[in-house]
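Undergrad: File query_28.txt below, compact mmCIF, C-alpha atoms:
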```txt
# COMPACT_ATOMS: atom_id res chain seq x y z
CA MET A 24 7.88 15.75 35.35
CA GLU A 25 7.35 12.29 33.95
CA LEU A 26 6.86 11.78 30.20
CA ILE A 27 6.09 8.47 28.47
CA ILE A 28 8.18 8.47 25.30
CA ASN A 29 7.67 5.55 22.88
CA GLY A 30 6.30 3.48 25.75
CA GLU A 31 9.09 4.22 28.27
CA ALA A 32 8.89 6.55 31.27
CA HIS A 33 11.45 9.39 31.41
CA GLU A 34 11.92 11.93 34.19
CA TYR A 35 12.58 15.59 33.36
CA LEU A 36 13.54 18.15 35.99
CA LYS A 37 12.63 21.30 34.07
CA PRO A 38 9.61 22.16 31.87
CA LEU A 39 10.36 21.75 28.20
CA THR A 40 8.85 22.29 24.75
CA VAL A 41 8.65 19.68 21.99
CA GLN A 42 11.46 21.47 20.17
CA GLU A 43 13.69 21.22 23.25
CA LEU A 44 12.83 17.55 23.71
CA LEU A 45 13.76 16.80 20.08
CA GLN A 46 17.08 18.62 20.56
CA GLN A 47 17.85 16.70 23.75
CA LEU A 48 17.13 13.41 22.01
CA ASN A 49 19.23 14.48 19.01
CA LEU A 50 16.30 14.09 16.60
CA ASN A 51 16.02 16.04 13.34
CA ALA A 52 12.82 18.11 13.50
CA GLU A 53 12.46 17.99 9.71
CA ARG A 54 12.36 14.19 9.67
CA VAL A 55 10.24 13.49 12.68
CA ILE A 56 6.59 12.76 13.45
CA VAL A 57 5.42 13.80 16.92
CA GLU A 58 2.26 12.42 18.45
CA ILE A 59 1.16 13.65 21.87
CA ASN A 60 -1.65 11.87 23.66
CA ARG A 61 -2.75 10.23 20.37
CA THR A 62 -2.87 13.50 18.40
CA ILE A 63 -0.33 14.35 15.70
CA LEU A 64 1.41 17.64 16.38
CA SER A 65 2.05 19.78 13.31
CA PRO A 66 5.74 20.78 12.99
CA THR A 67 4.68 24.43 13.28
CA GLY A 68 3.72 23.64 16.89
CA HIS A 69 7.10 22.17 17.99
CA ASN A 70 8.35 25.51 19.26
CA GLU A 71 5.36 26.62 21.29
CA THR A 72 4.04 23.30 22.64
CA GLU A 73 4.99 22.77 26.30
CA LEU A 74 4.99 19.18 27.52
CA LYS A 75 3.01 18.34 30.62
CA GLN A 76 3.35 15.80 33.41
CA GLY A 77 2.14 12.40 32.20
CA ASP A 78 2.07 13.23 28.47
CA THR A 79 2.32 10.17 26.28
CA ILE A 80 4.56 10.91 23.31
CA GLU A 81 5.28 8.85 20.21
CA LEU A 82 8.30 9.93 18.18
CA VAL A 83 9.14 8.52 14.76
CA GLN A 84 12.19 9.70 12.86
CA PHE A 85 12.16 8.76 9.18
CA VAL A 86 15.27 7.49 7.45
CA GLY A 87 15.75 7.89 3.70
CA GLY A 88 15.24 5.28 0.98
CA GLY A 89 12.44 4.38 -1.39
CA MET B 8 -29.84 -24.48 -6.14
CA GLN B 9 -27.95 -21.38 -7.25
CA ILE B 10 -24.25 -21.18 -7.99
CA TYR B 11 -22.01 -18.56 -9.63
CA LEU B 12 -20.38 -19.58 -12.90
CA ASN B 13 -17.74 -17.02 -13.88
CA GLU B 14 -19.59 -14.82 -11.36
CA THR B 15 -22.91 -15.06 -13.21
CA PRO B 16 -25.65 -16.57 -11.03
CA ILE B 17 -27.12 -19.72 -12.58
CA LYS B 18 -29.58 -22.34 -11.39
CA VAL B 19 -28.39 -25.94 -11.40
CA LYS B 20 -29.81 -29.23 -10.20
CA LYS B 21 -28.86 -30.45 -6.73
CA HIS B 22 -25.86 -32.85 -6.73
CA THR B 23 -24.51 -31.43 -10.00
CA CYS B 24 -20.85 -32.35 -10.49
CA LEU B 25 -18.08 -30.05 -11.69
CA PHE B 26 -17.21 -31.98 -14.86
CA GLU B 27 -20.87 -32.26 -15.80
CA LEU B 28 -21.14 -28.48 -15.44
CA ARG B 29 -18.09 -28.00 -17.66
CA LYS B 30 -19.56 -30.22 -20.34
CA GLN B 31 -22.71 -28.13 -20.29
CA TYR B 32 -21.21 -24.61 -20.22
CA LYS B 33 -17.57 -24.55 -21.37
CA GLU B 34 -16.43 -27.86 -22.71
CA ASN B 35 -12.89 -26.72 -23.58
CA ALA B 36 -12.13 -25.24 -20.16
CA ASP B 37 -8.89 -26.74 -18.85
CA LEU B 38 -8.65 -24.77 -15.60
CA LEU B 39 -11.44 -25.09 -13.07
CA ILE B 40 -11.43 -23.02 -9.89
CA VAL B 41 -13.93 -23.59 -7.09
CA ASN B 42 -14.21 -20.94 -4.36
CA GLY B 43 -10.77 -19.52 -5.16
CA TYR B 44 -8.90 -22.84 -5.34
CA PRO B 45 -8.05 -24.94 -8.42
CA ALA B 46 -10.03 -28.15 -8.67
CA ASN B 47 -8.22 -31.01 -10.39
CA THR B 48 -10.73 -33.73 -9.72
CA ASP B 49 -14.44 -33.99 -10.23
CA GLN B 50 -16.54 -32.98 -7.27
CA GLU B 51 -20.06 -32.21 -6.28
CA ILE B 52 -21.01 -28.54 -6.44
CA ASN B 53 -22.83 -27.01 -3.49
CA ASN B 54 -25.35 -24.22 -3.24
CA GLY B 55 -23.64 -20.78 -3.36
CA ASP B 56 -20.32 -22.06 -4.78
CA HIS B 57 -18.26 -19.81 -7.06
CA VAL B 58 -17.01 -21.77 -10.07
CA ILE B 59 -14.61 -20.27 -12.61
CA MET B 60 -13.87 -21.97 -15.94
CA ILE B 61 -10.88 -20.85 -17.96
CA GLN B 62 -9.57 -22.07 -21.28
CA ARG B 63 -5.81 -21.58 -21.27
CA GLY B 64 -4.55 -19.30 -24.07
CA GLU B 65 -7.95 -17.81 -24.82
CA GLN B 66 -8.15 -13.99 -24.69
CA PRO B 67 -11.22 -13.05 -22.66
CA SER B 68 -13.43 -10.03 -23.29
CA ALA B 69 -12.87 -6.96 -21.09
CA GLU B 70 -15.82 -7.82 -18.80
CA GLU B 71 -14.79 -11.45 -18.54
CA LEU B 72 -11.16 -10.54 -17.86
CA GLU B 73 -11.95 -8.87 -14.54
CA ILE B 74 -13.81 -11.92 -13.29
CA LEU B 75 -11.19 -14.39 -14.49
CA MET B 76 -8.30 -12.31 -13.09
CA MET B 77 -9.76 -12.47 -9.62
CA ALA B 78 -10.58 -16.20 -9.73
CA ARG B 79 -7.79 -17.03 -7.25
CA HIS B 80 -8.85 -14.31 -4.76
CA THR B 81 -10.30 -15.18 -1.40
CA PRO B 82 -14.04 -15.25 -2.28
CA GLY B 83 -16.05 -12.17 -1.43
CA VAL B 84 -13.23 -9.61 -1.35
CA HIS B 85 -13.22 -8.37 -4.93
CA GLU B 86 -16.14 -5.95 -4.72
CA LYS B 87 -14.69 -4.26 -1.62
CA ILE B 88 -11.24 -3.92 -3.19
CA LYS B 89 -12.79 -2.53 -6.36
CA ARG B 90 -14.45 0.26 -4.39
CA GLY B 91 -11.07 1.29 -2.93
CA CYS B 92 -9.29 4.49 -3.94
CA VAL B 93 -5.63 4.67 -2.91
CA GLY B 94 -3.04 7.43 -3.29
CA ILE B 95 0.63 6.72 -3.95
CA ALA B 96 3.07 9.57 -3.27
CA GLY B 97 6.25 8.72 -5.15
CA ALA B 98 6.61 6.25 -8.02
CA GLY B 99 10.07 4.86 -7.23
CA GLY B 100 11.05 1.56 -5.66
CA LEU B 101 8.23 1.57 -3.13
CA GLY B 102 5.51 3.26 -5.18
CA SER B 103 5.95 1.27 -8.39
CA HIS B 104 5.76 -2.05 -6.48
CA VAL B 105 2.78 -0.96 -4.39
CA ALA B 106 0.93 0.23 -7.51
CA ILE B 107 1.47 -3.06 -9.32
CA ALA B 108 0.42 -5.18 -6.33
CA LEU B 109 -2.75 -3.13 -5.89
CA ALA B 110 -3.60 -3.21 -9.60
CA ARG B 111 -3.16 -6.99 -9.58
CA VAL B 112 -5.64 -7.39 -6.74
CA GLY B 113 -8.13 -5.21 -8.61
CA ILE B 114 -8.08 -1.89 -6.80
CA GLY B 115 -10.65 0.50 -8.27
CA GLN B 116 -8.60 3.69 -8.45
CA LEU B 117 -5.00 4.81 -7.91
CA ASN B 118 -3.85 8.46 -7.72
CA ILE B 119 -0.10 8.48 -8.31
CA ALA B 120 2.20 11.52 -8.04
CA ASP B 121 5.89 11.80 -8.96
CA PHE B 122 7.95 14.48 -10.73
CA ASP B 123 10.86 12.32 -11.89
CA VAL B 124 11.75 10.48 -15.11
CA VAL B 125 12.92 6.86 -15.41
CA GLU B 126 16.74 6.64 -15.47
CA PRO B 127 19.11 3.66 -15.53
CA SER B 128 19.90 3.62 -11.78
CA ASN B 129 16.18 3.10 -11.05
CA LEU B 130 16.10 -0.25 -12.83
CA ASN B 131 17.83 -2.17 -9.98
CA ARG B 132 14.62 -1.98 -7.94
CA GLN B 133 11.83 -0.11 -9.67
CA GLN B 134 9.14 -1.61 -11.88
CA TYR B 135 10.19 0.01 -15.17
CA PHE B 136 11.79 -1.20 -18.39
CA ILE B 137 14.87 -0.18 -20.39
CA ASP B 138 12.69 1.19 -23.19
CA GLN B 139 11.05 3.56 -20.66
CA ILE B 140 14.29 5.42 -19.81
CA GLY B 141 13.63 9.16 -20.08
CA MET B 142 9.87 8.80 -19.72
CA PRO B 143 8.10 10.47 -16.75
CA LYS B 144 7.68 7.72 -14.14
CA VAL B 145 3.95 8.33 -13.72
CA ILE B 146 3.35 7.85 -17.47
CA ALA B 147 5.55 4.74 -17.62
CA LEU B 148 3.79 3.31 -14.57
CA GLN B 149 0.34 4.12 -15.94
CA ASN B 150 1.26 2.25 -19.14
CA ASN B 151 2.56 -0.76 -17.18
CA LEU B 152 -0.53 -0.85 -14.96
CA ARG B 153 -2.82 -0.74 -17.99
CA ARG B 154 -1.08 -3.84 -19.35
CA ILE B 155 -1.65 -5.64 -16.03
CA ASN B 156 -5.20 -4.61 -15.21
CA PRO B 157 -7.08 -2.17 -17.45
CA GLY B 158 -9.90 -2.22 -14.89
CA THR B 159 -7.92 -0.05 -12.44
CA LYS B 160 -8.46 3.68 -13.04
CA VAL B 161 -5.07 5.42 -12.76
CA ASN B 162 -4.89 9.19 -12.25
CA ILE B 163 -1.38 10.60 -12.58
CA PHE B 164 0.20 13.85 -11.40
CA ASN B 165 3.61 14.60 -12.92
CA GLN B 166 4.64 17.13 -10.27
CA LYS B 167 6.60 17.33 -7.07
CA VAL B 168 4.30 16.78 -4.06
CA VAL B 169 4.23 19.86 -1.81
CA PRO B 170 1.78 20.81 0.98
CA GLY B 171 -0.11 23.03 -1.49
CA ASN B 172 -1.09 20.20 -3.85
CA ILE B 173 -1.66 17.28 -1.45
CA ALA B 174 -5.41 18.01 -1.19
CA GLU B 175 -5.71 18.16 -5.00
CA PHE B 176 -3.80 14.91 -5.60
CA PHE B 177 -4.96 12.87 -2.62
CA GLY B 178 -8.04 14.57 -1.17
CA GLU B 179 -10.35 11.84 -2.52
CA VAL B 180 -8.37 8.73 -1.50
CA ASP B 181 -9.30 6.36 1.35
CA ILE B 182 -5.69 5.51 2.10
CA LEU B 183 -2.42 7.24 1.16
CA VAL B 184 0.82 5.32 0.65
CA GLU B 185 3.95 7.34 1.43
CA ALA B 186 6.56 6.10 -1.04
CA PHE B 187 9.17 8.86 -1.18
CA ASP B 188 12.94 8.50 -1.05
CA ALA B 189 14.04 11.50 1.07
CA ALA B 190 13.40 11.43 4.83
CA GLU B 191 12.32 15.10 4.89
CA GLN B 192 9.73 14.48 2.14
CA LYS B 193 8.41 11.44 4.02
CA ALA B 194 7.99 13.48 7.21
CA MET B 195 6.47 16.47 5.38
CA LEU B 196 3.81 14.32 3.71
CA THR B 197 3.05 12.30 6.85
CA ASN B 198 2.70 15.37 9.05
CA TYR B 199 0.59 17.26 6.55
CA PHE B 200 -1.68 14.37 5.69
CA LEU B 201 -2.33 13.17 9.25
CA CYS B 202 -2.99 16.73 10.46
CA ASN B 203 -5.26 17.74 7.57
CA PHE B 204 -7.10 14.49 6.78
CA PRO B 205 -7.85 13.03 10.21
CA ASP B 206 -10.36 10.50 8.82
CA LYS B 207 -7.97 8.88 6.31
CA PHE B 208 -5.24 6.28 6.72
CA LEU B 209 -1.55 6.74 5.89
CA VAL B 210 0.87 3.84 5.28
CA ALA B 211 4.49 5.01 5.25
CA ALA B 212 7.89 3.29 4.96
CA SER B 213 11.20 3.84 6.73
CA GLY B 214 14.29 1.65 6.93
CA ILE B 215 14.34 -0.47 3.77
CA ALA B 216 17.89 -0.12 2.42
CA GLY B 217 20.66 -2.70 2.18
CA TYR B 218 20.51 -6.50 2.26
CA GLU B 219 20.14 -7.05 5.97
CA ALA B 220 17.69 -9.62 7.28
CA SER B 221 14.33 -9.76 5.53
CA ASN B 222 12.55 -10.41 8.81
CA THR B 223 13.56 -7.13 10.44
CA ILE B 224 11.14 -5.38 8.08
CA ARG B 225 7.83 -5.19 9.88
CA THR B 226 4.59 -3.25 9.91
CA SER B 227 3.84 -1.17 13.03
CA ARG B 228 0.71 0.71 13.91
CA ILE B 229 2.11 3.98 15.23
CA SER B 230 -1.28 5.56 15.89
CA GLU B 231 -4.94 5.10 15.03
CA ARG B 232 -4.53 5.90 11.31
CA PHE B 233 -0.76 5.78 10.79
CA TYR B 234 1.09 2.59 9.84
CA LEU B 235 4.84 2.33 9.26
CA CYS B 236 6.63 -0.43 7.33
CA GLY B 237 10.37 -1.09 7.45
CA ASP B 238 13.06 -1.76 10.05
CA GLY B 239 13.04 1.90 11.10
CA VAL B 240 16.82 2.31 10.95
CA SER B 241 18.39 1.11 7.68
CA ALA B 242 18.82 4.39 5.82
CA ALA B 243 20.00 4.68 2.24
CA GLU B 244 23.44 6.26 2.76
CA PRO B 245 27.02 6.02 1.48
CA GLY B 246 27.91 2.33 1.82
CA ARG B 247 24.29 1.11 1.98
CA GLY B 248 22.29 1.07 -1.24
CA LEU B 249 18.72 0.33 -2.23
CA MET B 250 17.98 -2.98 -3.90
CA ALA B 251 14.98 -4.78 -5.31
CA PRO B 252 14.50 -7.52 -2.67
CA ARG B 253 14.31 -5.46 0.52
CA VAL B 254 12.57 -2.49 -1.12
CA GLY B 255 10.08 -4.98 -2.55
CA ILE B 256 9.50 -6.60 0.86
CA ALA B 257 8.72 -3.22 2.43
CA ALA B 258 6.53 -2.16 -0.51
CA HIS B 259 4.52 -5.35 -0.22
CA HIS B 260 4.14 -4.80 3.52
CA GLN B 261 2.61 -1.46 2.55
CA ALA B 262 0.38 -2.98 -0.14
CA ASN B 263 -0.84 -5.72 2.22
CA THR B 264 -1.59 -3.14 4.93
CA VAL B 265 -3.68 -1.24 2.36
CA LEU B 266 -5.50 -4.45 1.50
CA GLN B 267 -6.21 -5.21 5.17
CA LEU B 268 -7.48 -1.68 5.72
CA LEU B 269 -9.77 -1.86 2.69
CA LEU B 270 -11.20 -5.19 3.81
CA ASN B 271 -11.25 -4.86 7.62
CA ARG B 272 -10.84 -1.12 8.34
CA SER B 273 -7.90 -2.13 10.54
CA ALA B 274 -4.58 -3.90 9.98
CA GLU B 275 -2.16 -5.95 11.99
```
Could you spell out this file's structure in structure tokens?
TA:
Amino acid sequence: MELIINGEAHEYLKPLTVQELLQQLNLNAERVIVEINRTILSPTGHNETELKQGDTIELVQFVGGG
Amino acid sequence: MQIYLNETPIKVKKHTCLFELRKQYKENADLLIVNGYPANTDQEINNGDHVIMIQRGEQPSAEELEILMMARHTPGVHEKIKRGCVGIAGAGGLGSHVAIALARVGIGQLNIADFDVVEPSNLNRQQYFIDQIGMPKVIALQNNLRRINPGTKVNIFNQKVVPGNIAEFFGEVDILVEAFDAAEQKAMLTNYFLCNFPDKFLVAASGIAGYEASNTIRTSRISERFYLCGDGVSAAEPGRGLMAPRVGIAAHHQANTVLQLLLNRSAE
């Protein structure tokens, strides 16, 4: 399965959810914005949303300071 | 022909010159601005020109103040900016700078939310004063904004922003500025706002700490209605603090993105 993550193609052998993707990429789910195919995914959907072949994903992890 | 003198339309003869106009309308004016740019020499005035005459040191009336304050604006933008309503979530280093920049350009309304009070460690980067220590930030900021531009309506909410009050605080804004300190708060607000207000814009900030290069701070359009300002990586953490210059750069990236959105409905 190919996913486009922040503009780069990545190959995944097994199906995975958004939550699993965030874990694999070592991203903190409480600090992250997930956009799939130009739609923002609410954090409540991380667990149940399965990624599909060709999905275009934008991931932004906030860092602190203001 | 018709021109605008201090934004009031007047009829003048063709080939009227600037100094002649001054003699006629405001003889003591010592600052003349034509179409947003100071004019030091006499010149012919053309049909449709905007001419501002200011006498240095003179306190204008409230109505006159608004016109004179915006004399150096790009012509034609003031009315659009004045119709803008912008939310600011957090009144710290980012939020206090954004609020002041937007009040200076004549934004119509600001809705500002913050639960904190001004304390000494804020003063290295936030737009407050020593005599405001202990005061709720939203009240201190409202007072400061009133001294800069009383024409901007400022609604304040002295509470912590949580999903349950975002609609109340920011439901009416055109654009929301995320100006929190904690990464989790930034993500909470961004997720909630983009999911629940799909027709509004959000301008957030991430990666503004330290004194690394100024030019690594940039504005990115992450998606249709989501802009992010900062270098994306410089977190406030042990060994890397938050200081006025870089926080101010990021805040002004946010303020300028707001201005572009208000004027163009898109930003670069």
Undergrad: Compile the residues of chain B that lie within 6 Å of chain A, evaluated using only C-alpha atoms, and express the compilation as a list in words.
TA: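 Contact residues on the first chain: Gly100, Leu101, Phe187, Asp188, Ala189, Ala190, Glu191, Ala194, Ser213, Gly214, Ala242 and Ala243 of chain B.
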Undergrad: Which neighbours of Asn222 of chain B fall inside 10 Å, counting all atoms listed in the file, when residues of the same chain fewer than 6 positions from it are skipped, and could you give them as a PDB file with C-alpha atoms, in the coordinates of the input?
TA:
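Just written: part_28.pdb:
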```pdb
ATOM      1  CA  GLY B 237      10.370  -1.090   7.450  1.00  0.00           C
ATOM      2  CA  ASP B 238      13.060  -1.760  10.050  1.00  0.00           C
ATOM      3  CA  ARG B 253      14.310  -5.460   0.520  1.00  0.00           C
ATOM      4  CA  ILE B 256       9.500  -6.600   0.860  1.00  0.00           C
TER       5      ILE B 256
END
```
Undergrad: Show me, as a list of chain:residue names, the residues that have an atom within 7 Å of Gln76 of chain A when counting only C-alpha atoms, minus same-chain residues fewer than 4 positions from it.
TA: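 Final neighbour list, sorted by chain and number: A:Met24, A:Glu25, A:Leu26.
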Undergrad: Name the closest residue to Asn131 of chain B among the candidates B:Ala212, B:Ile17, B:Met250, B:Ile119; distances are taken between atoms, counting all atoms listed in the file.
TA: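 Of the candidates, the smallest distance to Asn131 of chain B is held by B:Met250.
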Undergrad: Have a look at atom CA of Tyr199 of chain B and atom CA of Ile173 of chain B and let me know their distance in Å, one decimal.
TA: 8.3 Å
